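Worksheet: one structure, shown below.
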Amino acid sequence: MSIVSVAGVSKRFGAHVGVSDVSFRLADGERAVIVGANGAGKTTLIRMLASLSRPTSGEIEIGSESLVNGRAGVRSRIGVLTHETMLYEDLTARENLRLHARLHNVEESVCEELLETVGLAARGSERVAGFSHGMGKRVALARALVHDPDVLLLDEPYTGLDRSSLDRIEAVLEDLDDRTVLAATHDLERGVRLADRILFMNDGQLIEDASADQFSSVEAALNRYERLCRGQVTRAEAAGGGCENKNGNEE
């Protein structure tokens, strides 16, 4: 059963096209990573899925409900970790989580469990302003999970992190096998390890939807992307290697 459905989604900024006619579906519990160079449309797509930006055209559904025109409650099924943590720096880590918990009618005990999960139980009473970027990212990940969302959206979850935070966040994400995850990242090595599928984007377009296990290495996936961008993938390769998109056509 598909929990995320993206159908013909485009986003224009004046004359500039940020995302062009993108369609795909994600099943319940499936993990996918969006791969592309700067300006490929990764963050724009994530922002639309997070309801932080409205599509110019097309439809996004979570479950069977429209994210674009549906009830506000559908957004509660989504958790979001953006590149910037968007935390209240004058609040402690615990206060940031408790505020989010109250907004979603979640017991405060969940906040304590999540602080433990991200390795910050001993630092929960400290103000976020004094945290490193990596520590702040861990708090933001905990906040994204407070309301137990069905879908977790991640925008550059690994960027700018110290080794401890990288290892902790990667471990937390690997354990989230009970929900759907969509991540946009430049860290192809970690992205491939996380994902069941790789969505290759270039110039705002989804140029291939591929199974992650078809690649023998990160280098093979990167080579595939570079060849796709140069138009060097043959029809035979596309038929044999790429996944079918969810409109029934091959990417």
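Residue names in the structure tokens use chain letters A, B, ... in the order shown, residue numbers from 1 in each chain, and ligand numbers from 1 in the order shown.
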Contacts of region 107-115 of chain A at 9 Å (only C-alpha atoms; same-chain gap of 3+ positions) as a ChimeraX atom specification | /A:93-94,97-98,101-102,118-124,138-139,142-143,145-147
Within region 21-215 of chain A, find each residue whose DSSP state, derived from the backbone, is alpha helix (DSSP H), and express the selection as a PyMOL selection string.
-> chain A and resi 42-49+93-103+109-117+133-145+163-174+188-194
Find the residues around region 191-199 of chain A up to 10 Å (only C-alpha atoms counted), leave out those fewer than 4 positions away in its own chain, and share them as a count of residues only.
-> 42
Near region 86-90 of chain A, within 7 Å and counting only C-alpha atoms, which residues show up once chain neighbours fewer than 5 positions away are dropped, as a VMD selection string?
-> chain A and resid 96 127 to 129 140
Using DSSP on the backbone coordinates, identify the residues of region 91-187 of chain A assigned to strand (DSSP E); present them as a list in words.
-> Val151, Leu152, Leu153, Leu154, Asp155, Thr180, Val181, Leu182, Ala183 and Ala184 of chain A
Keeping only N, CA and C atoms, write those residues as an mmCIF file, in the first residue's frame.
```cif
data_model
loop_
_atom_site.group_PDB
_atom_site.id
_atom_site.type_symbol
_atom_site.label_atom_id
_atom_site.label_comp_id
_atom_site.auth_asym_id
_atom_site.auth_seq_id
_atom_site.Cartn_x
_atom_site.Cartn_y
_atom_site.Cartn_z
ATOM 1 N N VAL A 151 5.523 9.144 8.180
ATOM 2 C CA VAL A 151 6.477 9.514 7.130
ATOM 3 C C VAL A 151 7.512 10.459 7.718
ATOM 4 N N LEU A 152 8.787 10.156 7.490
ATOM 5 C CA LEU A 152 9.874 11.008 7.963
ATOM 6 C C LEU A 152 10.605 11.576 6.756
ATOM 7 N N LEU A 153 10.670 12.918 6.681
ATOM 8 C CA LEU A 153 11.345 13.614 5.587
ATOM 9 C C LEU A 153 12.640 14.221 6.115
ATOM 10 N N LEU A 154 13.728 13.986 5.399
ATOM 11 C CA LEU A 154 15.045 14.423 5.841
ATOM 12 C C LEU A 154 15.716 15.228 4.733
ATOM 13 N N ASP A 155 16.122 16.451 5.046
ATOM 14 C CA ASP A 155 16.846 17.273 4.081
ATOM 15 C C ASP A 155 18.282 17.450 4.561
ATOM 16 N N THR A 180 7.984 5.111 6.821
ATOM 17 C CA THR A 180 8.484 5.489 5.511
ATOM 18 C C THR A 180 9.442 6.665 5.656
ATOM 19 N N VAL A 181 10.594 6.564 4.985
ATOM 20 C CA VAL A 181 11.615 7.610 5.075
ATOM 21 C C VAL A 181 11.985 8.077 3.670
ATOM 22 N N LEU A 182 12.033 9.392 3.491
ATOM 23 C CA LEU A 182 12.517 9.985 2.247
ATOM 24 C C LEU A 182 13.556 11.024 2.615
ATOM 25 N N ALA A 183 14.782 10.839 2.102
ATOM 26 C CA ALA A 183 15.888 11.721 2.446
ATOM 27 C C ALA A 183 16.501 12.325 1.196
ATOM 28 N N ALA A 184 16.863 13.597 1.285
ATOM 29 C CA ALA A 184 17.654 14.254 0.246
ATOM 30 C C ALA A 184 19.046 14.473 0.821
#
```
Hey, what's within 8 Å of region 2-14 of chain A if we count only C-alpha atoms and toss same-chain stuff fewer than 2 positions away? As a PyMOL selection string, please?
-> chain A and resi 16-28+44+54-64+180
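Remark: for Met201 (chain A), the closest of the candidate residues A:Ala15, A:Ala40, A:Leu166, A:Val106 is A:Ala40 (distances computed over only C-alpha atoms).
The gap separating CA of Val80 (chain A) from CA of Gly136 (chain A) is 14.2 Å, in Å to one decimal.
Between CA of Arg71 (chain A) and CA of Leu45 (chain A) the separation is 20.5 Å.
What separates CA of Met1 (chain A) from CA of Glu189 (chain A) is a distance of 28.2 Å.
Considering only C-alpha atoms, the residue among A:Leu103, A:Ile78, A:Val172, A:Ala37 positioned nearest to Glu226 (chain A) is A:Ala37.
Shortest atom-to-atom contact with Thr82 (chain A) among A:Thr43, A:Ser53, A:Asn105, A:Asn202: A:Thr43, counting only C-alpha atoms.
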